[in-house]
file protein-v6.cif (mmCIF, C-alpha atoms and all ligand atoms)
data_model
loop_
_atom_site.label_atom_id
_atom_site.label_comp_id
_atom_site.auth_asym_id
_atom_site.auth_seq_id
_atom_site.Cartn_x
_atom_site.Cartn_y
_atom_site.Cartn_z
CA MET A 166 -27.67 -47.59 -65.21
CA LEU A 167 -26.04 -44.63 -63.47
CA ALA A 168 -23.92 -43.82 -66.54
CA ALA A 169 -27.01 -43.84 -68.77
CA THR A 170 -28.93 -41.70 -66.30
CA LEU A 171 -26.05 -39.21 -66.46
CA GLY A 172 -26.27 -39.13 -70.28
CA ARG A 173 -23.74 -41.78 -71.33
CA CYS A 174 -24.26 -44.66 -73.72
CA PRO A 175 -25.64 -47.66 -71.77
CA ALA A 176 -23.60 -50.09 -73.87
CA CYS A 177 -20.06 -48.63 -73.66
CA ARG A 178 -20.56 -45.93 -70.98
CA ARG A 179 -18.16 -43.65 -72.88
CA GLY A 180 -20.10 -42.03 -75.72
CA SER A 181 -22.59 -39.28 -75.05
CA ALA A 182 -26.16 -40.39 -75.60
CA PHE A 183 -27.41 -36.82 -76.09
CA ARG A 184 -26.82 -34.32 -78.89
CA GLY A 185 -28.63 -31.52 -77.10
CA PRO A 186 -30.22 -30.79 -73.73
CA TYR A 187 -33.03 -33.26 -74.36
CA ALA A 188 -32.40 -34.72 -77.82
CA VAL A 189 -30.93 -38.21 -77.95
CA ALA A 190 -28.24 -38.84 -80.57
CA GLU A 191 -29.09 -41.28 -83.34
CA PHE A 192 -25.95 -43.38 -82.71
CA CYS A 193 -23.32 -43.66 -79.98
CA PRO A 194 -20.20 -41.88 -81.32
CA VAL A 195 -17.95 -44.49 -79.64
CA CYS A 196 -19.53 -47.93 -80.07
CA GLY A 197 -22.13 -47.27 -82.79
CA VAL A 198 -25.20 -48.44 -80.91
CA ARG A 199 -28.32 -46.98 -82.49
CA PHE A 200 -30.33 -45.23 -79.78
CA GLU A 201 -33.47 -44.19 -81.62
CA ARG A 202 -35.30 -47.10 -83.21
CA ASP A 203 -38.89 -45.94 -83.02
CA PRO A 204 -40.39 -42.41 -82.90
CA GLY A 205 -42.51 -43.49 -79.92
CA SER A 206 -39.52 -44.74 -77.94
CA TRP A 207 -39.55 -41.81 -75.54
CA LEU A 208 -43.20 -41.96 -74.51
CA GLY A 209 -42.28 -43.98 -71.41
CA ALA A 210 -39.72 -41.36 -70.36
CA ALA A 211 -42.27 -38.57 -70.86
CA VAL A 212 -44.88 -40.40 -68.78
CA ILE A 213 -42.36 -40.97 -65.96
CA ALA A 214 -41.21 -37.32 -66.01
CA TYR A 215 -44.81 -36.06 -65.92
CA THR A 216 -45.65 -38.48 -63.12
CA ILE A 217 -42.70 -37.18 -61.09
CA ALA A 218 -43.90 -33.60 -61.78
CA ILE A 219 -47.42 -34.46 -60.57
CA VAL A 220 -46.04 -35.90 -57.33
CA VAL A 221 -43.78 -32.86 -56.78
CA VAL A 222 -46.68 -30.46 -57.51
CA ALA A 223 -48.90 -32.36 -55.08
CA VAL A 224 -46.25 -32.16 -52.34
CA VAL A 225 -45.44 -28.47 -52.99
CA GLY A 226 -49.13 -27.61 -53.25
CA GLY A 227 -49.93 -29.50 -50.04
CA LEU A 228 -47.12 -27.77 -48.16
CA ALA A 229 -48.05 -24.31 -49.52
CA ILE A 230 -51.74 -24.73 -48.72
CA GLY A 231 -50.88 -26.17 -45.31
CA ARG A 232 -48.76 -23.13 -44.42
CA ARG A 233 -50.69 -20.27 -46.08
CA GLY A 234 -54.04 -21.72 -47.12
CA LEU A 235 -55.38 -20.94 -50.57
CA PHE A 236 -53.79 -17.72 -51.78
CA VAL A 237 -53.71 -15.62 -54.93
CA GLY A 238 -50.98 -16.80 -57.22
CA LEU A 239 -50.91 -20.38 -55.93
CA GLU A 240 -51.74 -21.68 -59.38
CA TRP A 241 -48.63 -19.97 -60.82
CA TRP A 242 -46.47 -21.52 -58.11
CA LEU A 243 -47.84 -24.91 -59.08
CA VAL A 244 -47.44 -24.32 -62.83
CA GLY A 245 -43.87 -23.11 -62.28
CA THR A 246 -43.12 -26.08 -60.06
CA ALA A 247 -44.47 -28.48 -62.69
CA LEU A 248 -42.47 -26.87 -65.51
CA ALA A 249 -39.26 -26.70 -63.48
CA THR A 250 -39.64 -30.32 -62.40
CA VAL A 251 -40.17 -31.59 -65.94
CA LEU A 252 -37.23 -29.53 -67.22
CA LEU A 253 -34.97 -30.85 -64.46
CA VAL A 254 -35.93 -34.53 -64.54
CA TYR A 255 -36.66 -35.16 -68.24
CA ARG A 256 -33.04 -35.60 -69.32
CA PRO A 257 -31.99 -38.00 -66.52
CA VAL A 258 -35.27 -39.89 -66.89
CA LYS A 259 -34.70 -40.14 -70.64
CA GLY A 260 -31.17 -41.44 -69.98
CA TRP A 261 -32.55 -43.99 -67.53
CA TRP A 262 -35.23 -44.97 -70.04
CA LEU A 263 -32.49 -45.43 -72.61
CA TRP A 264 -30.83 -47.87 -70.20
CA VAL A 265 -34.14 -49.72 -69.75
CA MET A 266 -34.52 -50.11 -73.52
CA TRP A 267 -30.88 -51.23 -73.85
CA ALA A 268 -31.26 -53.73 -70.98
CA ALA A 269 -34.39 -55.09 -72.65
CA GLY A 270 -32.48 -55.58 -75.91
CA TRP A 271 -34.40 -52.93 -77.88
CA ILE A 272 -31.27 -50.81 -78.40
CA HIS A 273 -28.30 -52.44 -80.11
CA ARG A 274 -25.91 -52.09 -83.04
CA ASP A 275 -27.49 -52.32 -86.46
CA ARG A 276 -25.48 -55.40 -87.46
CA GLU A 277 -27.02 -57.21 -84.48
CA ASP A 278 -30.51 -56.33 -85.66
CA PRO A 279 -32.31 -59.65 -86.16
CA GLU A 280 -34.60 -58.12 -88.80
CA ARG A 281 -31.58 -57.34 -90.99
CA ARG A 282 -30.26 -60.90 -90.78
CA SER A 283 -33.32 -62.47 -92.41
ZN ZN B 1 -21.60 -46.53 -76.86
#

call {"tool": "encode", "arguments": {"input": "protein-v6.cif", "output": "structure tokens", "more": "lines below"}}
Ligand SMILES: [Zn+2]
result
Amino acid sequence: MLAATLGRCPACRRGSAFRGPYAVAEFCPVCGVRFERDPGSWLGAAVIAYTIAIVVVAVVGGLAIGRRGLFVGLEWWLVGTALATVLLVYRPVKGWWLWVMWAAGWIHRDREDPERRS
């Protein structure tokens, strides 16, 4: 799980699971596991990242309002906090989500695909 969260293939832990900052590779370059099976695969990761951002914004907003009250520019602090949080957590959350899908058996090598056997 830790290796996947850090961007490694959950199956072999050696190949990189990402081909860009946020884009997941189609296959593991080492073991050949196919990562992307469905265009909607990453919805869970997006929901988790946004949920984390909402919690962080609520905490930062609560602390800011508690210290200074409502002030001009608070909304930009909160928008910036939300954007920074999503940018920081989306990749590790996506890697963790990749591990969840692998652990559930949704990510595997093509030759192990039961649909191709029939
Ligand atoms: Zn691999």

call {"tool": "closest_atom_pairs", "arguments": {"input": "protein-v6.cif", "of": "chain A", "to": "ligand ZN 1 (chain B)", "cutoff": "12 Å", "atoms": "only C-alpha atoms and all ligand atoms", "output": "CSV"}}
result
residue,atom,partner,partner_atom,distance
A:Ala168,CA,B:ZN1,ZN,10.9
A:Ala169,CA,B:ZN1,ZN,10.1
A:Gly172,CA,B:ZN1,ZN,10.9
A:Arg173,CA,B:ZN1,ZN,7.6
A:Cys174,CA,B:ZN1,ZN,4.5
A:Pro175,CA,B:ZN1,ZN,6.6
A:Ala176,CA,B:ZN1,ZN,5.1
A:Cys177,CA,B:ZN1,ZN,4.1
A:Arg178,CA,B:ZN1,ZN,6.0
A:Arg179,CA,B:ZN1,ZN,6.0
A:Gly180,CA,B:ZN1,ZN,4.9
A:Ser181,CA,B:ZN1,ZN,7.5
A:Ala182,CA,B:ZN1,ZN,7.8
A:Phe183,CA,B:ZN1,ZN,11.3
A:Ala190,CA,B:ZN1,ZN,10.8
A:Glu191,CA,B:ZN1,ZN,11.2
A:Phe192,CA,B:ZN1,ZN,7.9
A:Cys193,CA,B:ZN1,ZN,4.6
A:Pro194,CA,B:ZN1,ZN,6.6
A:Val195,CA,B:ZN1,ZN,5.0
A:Cys196,CA,B:ZN1,ZN,4.1
A:Gly197,CA,B:ZN1,ZN,6.0
A:Val198,CA,B:ZN1,ZN,5.7
A:Arg199,CA,B:ZN1,ZN,8.8
A:Phe200,CA,B:ZN1,ZN,9.3
A:Leu263,CA,B:ZN1,ZN,11.7
A:Trp264,CA,B:ZN1,ZN,11.5
A:Trp267,CA,B:ZN1,ZN,10.8
A:Ile272,CA,B:ZN1,ZN,10.7
A:His273,CA,B:ZN1,ZN,9.5
A:Arg274,CA,B:ZN1,ZN,9.4

call {"tool": "residues_around", "arguments": {"input": "protein-v6.cif", "residues": "range 232-248 of chain A", "least_positions_apart": "2", "cutoff": "9 Å", "atoms": "only C-alpha atoms", "output": "number ranges by chain"}}
result
A: 215, 218-219, 221-223, 225-230, 250-253

call {"tool": "atom_distance", "arguments": {"input": "protein-v6.cif", "atom1": "CA of Val258 in chain A", "atom2": "CA of Ala210 in chain A"}}
result
5.8 Å

call {"tool": "atom_distance", "arguments": {"input": "protein-v6.cif", "atom1": "CA of Val220 in chain A", "atom2": "CA of Tyr255 in chain A"}}
result
14.4 Å

call {"tool": "closest_residue", "arguments": {"input": "protein-v6.cif", "among": "A:Met166, A:Gly209, A:Val224, A:Ala214", "to": "Ala268 in chain A", "atoms": "all atoms listed in the file"}}
result
A:Met166

call {"tool": "atom_distance", "arguments": {"input": "protein-v6.cif", "atom1": "CA of Val254 in chain A", "atom2": "CA of Gly205 in chain A"}}
result
19.0 Å
